[in-house]
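One structure below.
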Amino acid sequence: MKNVIQWLSDGVEMPALNLHQMESWIEAVARSHARTVGELTYIFCDDPKILEVNRQYLNHDYFTDIITFDYTRGSRLRGDMFISLDTVATNAELVEADYDTELRRVIIHGVLHLCGINDKGPGEREIMEMHENVALQLLNTL
């Protein structure tokens, strides 16, 4: 089976990404976690849309940078990921990071969730950040 990664936008301009590089990177990160890439869909949106998705599907009433819907079966990653470019920009300013770096961090954050890495429990956020940093270093080698 061939992997299929879709890149969509909903109400925002598609970010300037080298999609071939992004897909190679996602595949490499998946392999590093003993996973393969299946059907992944990234939907770039704005804060009002991510809030709507958060309220409708998760009963959460707040903005977030990414919402990951996990349809993974076994080791083959499958999922839909909504990314608010507004919140990515806000978070980049808050942590004094480059916008493009923060966007890539969020893109891979969703993949890491699909690999089974969580960030809500005690100590899990630090583990997620470590995996994000390793993934970002891997991107620099591609």
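FYI, nothing fancy with the structure tokens labels: chains A, B, ... in order, residues from 1 per chain, ligands from 1 as they appear.
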
Could you pull out the strand (DSSP E) residues of region 5-55 of chain A from DSSP and send them as a PyMOL selection string?
chain A and resi 5-9+36-45

Could you pull out the alpha helix (DSSP H) residues of region 5-132 of chain A from DSSP and send them as a PyMOL selection string?
chain A and resi 19-32+47-58+85-94+99-114+124-132

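Taking CA of Met22 (chain A) and CA of Thr90 (chain A) as the two end points, the separation is 22.3 Å.
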
Give me, please, the distance in Å between CA of Asp47 (chain A) and CA of Val12 (chain A), quoted to one decimal.
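A separation of 10.2 Å between them.
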
With distances taken over only C-alpha atoms, the candidate from A:Asp10, A:Glu93, A:Asp80, A:Asp61 nearest Asp46 (chain A) is A:Asp10

Counting only C-alpha atoms, which residues of region 14-75 of chain A fall within 12 Å of region 117-128 of chain A, and what is the closest atom pair for each with its distance in Å at one decimal, ordered by chain and rising number, as a Markdown table?
```
| residue | atom | partner | partner_atom | distance |
| --- | --- | --- | --- | --- |
| A:Ala30 | CA | A:Ile117 | CA | 11.9 |
| A:His33 | CA | A:Ile117 | CA | 10.0 |
| A:Thr68 | CA | A:Asn118 | CA | 11.3 |
| A:Asp70 | CA | A:Ile117 | CA | 11.9 |
```

Please produce an output containing N, CA, C and O atoms for each residue in the selection, written as a tab-separated table (two decimals), in the first residue's frame.
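The resulting file, selection18.tsv, is shown below:
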```
chain	number	residue	atom	x	y	z
A	30	ALA	N	8.14	8.38	11.26
A	30	ALA	CA	7.32	7.19	11.48
A	30	ALA	C	8.21	5.94	11.59
A	30	ALA	O	8.05	5.13	12.51
A	33	HIS	N	9.91	5.28	14.76
A	33	HIS	CA	9.02	4.78	15.81
A	33	HIS	C	8.39	3.45	15.41
A	33	HIS	O	7.34	3.08	15.94
A	68	THR	N	-5.68	16.23	16.60
A	68	THR	CA	-5.35	15.02	15.86
A	68	THR	C	-6.44	13.98	16.06
A	68	THR	O	-6.76	13.63	17.21
A	70	ASP	N	-7.14	10.21	15.44
A	70	ASP	CA	-6.31	9.03	15.23
A	70	ASP	C	-7.14	7.87	14.72
A	70	ASP	O	-8.05	7.39	15.40
```

Which residue out of A:His109, A:Glu23, A:Leu8, A:Cys115 has the minimum interatomic distance to Asn133 (chain A) when only C-alpha atoms are used?
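Going through A:His109, A:Glu23, A:Leu8, A:Cys115 one by one, the smallest distance to Asn133 (chain A) is for A:His109.
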
Here is a test: counting only C-alpha atoms, which residue of A:Val53, A:Leu142, A:Ala16, A:Ala34 is nearest to Ser75 (chain A)?
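For Ser75 (chain A), the nearest of the given residues is A:Ala34.
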
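With only C-alpha atoms as the atoms that count, the residue of A:Gly116, A:Gly110, A:Pro15, A:Gly79 with the shortest distance to Thr41 (chain A) is A:Gly79.
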
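The nearest approach to Ile108 (chain A) among the residues A:Thr72, A:Asn59, A:Ser24, A:Thr64, with only C-alpha atoms taken into account, belongs to A:Ser24.
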
One-decimal distance in Å that lies between CA of Trp7 (chain A) and CA of Ser84 (chain A)
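According to the coordinates, CA of Ser84 (chain A) and CA of Trp7 (chain A) are separated by 13.5 Å.
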
Residue nearest Gln21 (chain A) among A:Ala92, A:Leu139, A:Ile107, A:Leu114 (counting only C-alpha atoms)
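Among the listed residues, A:Leu139 lies closest to Gln21 (chain A).
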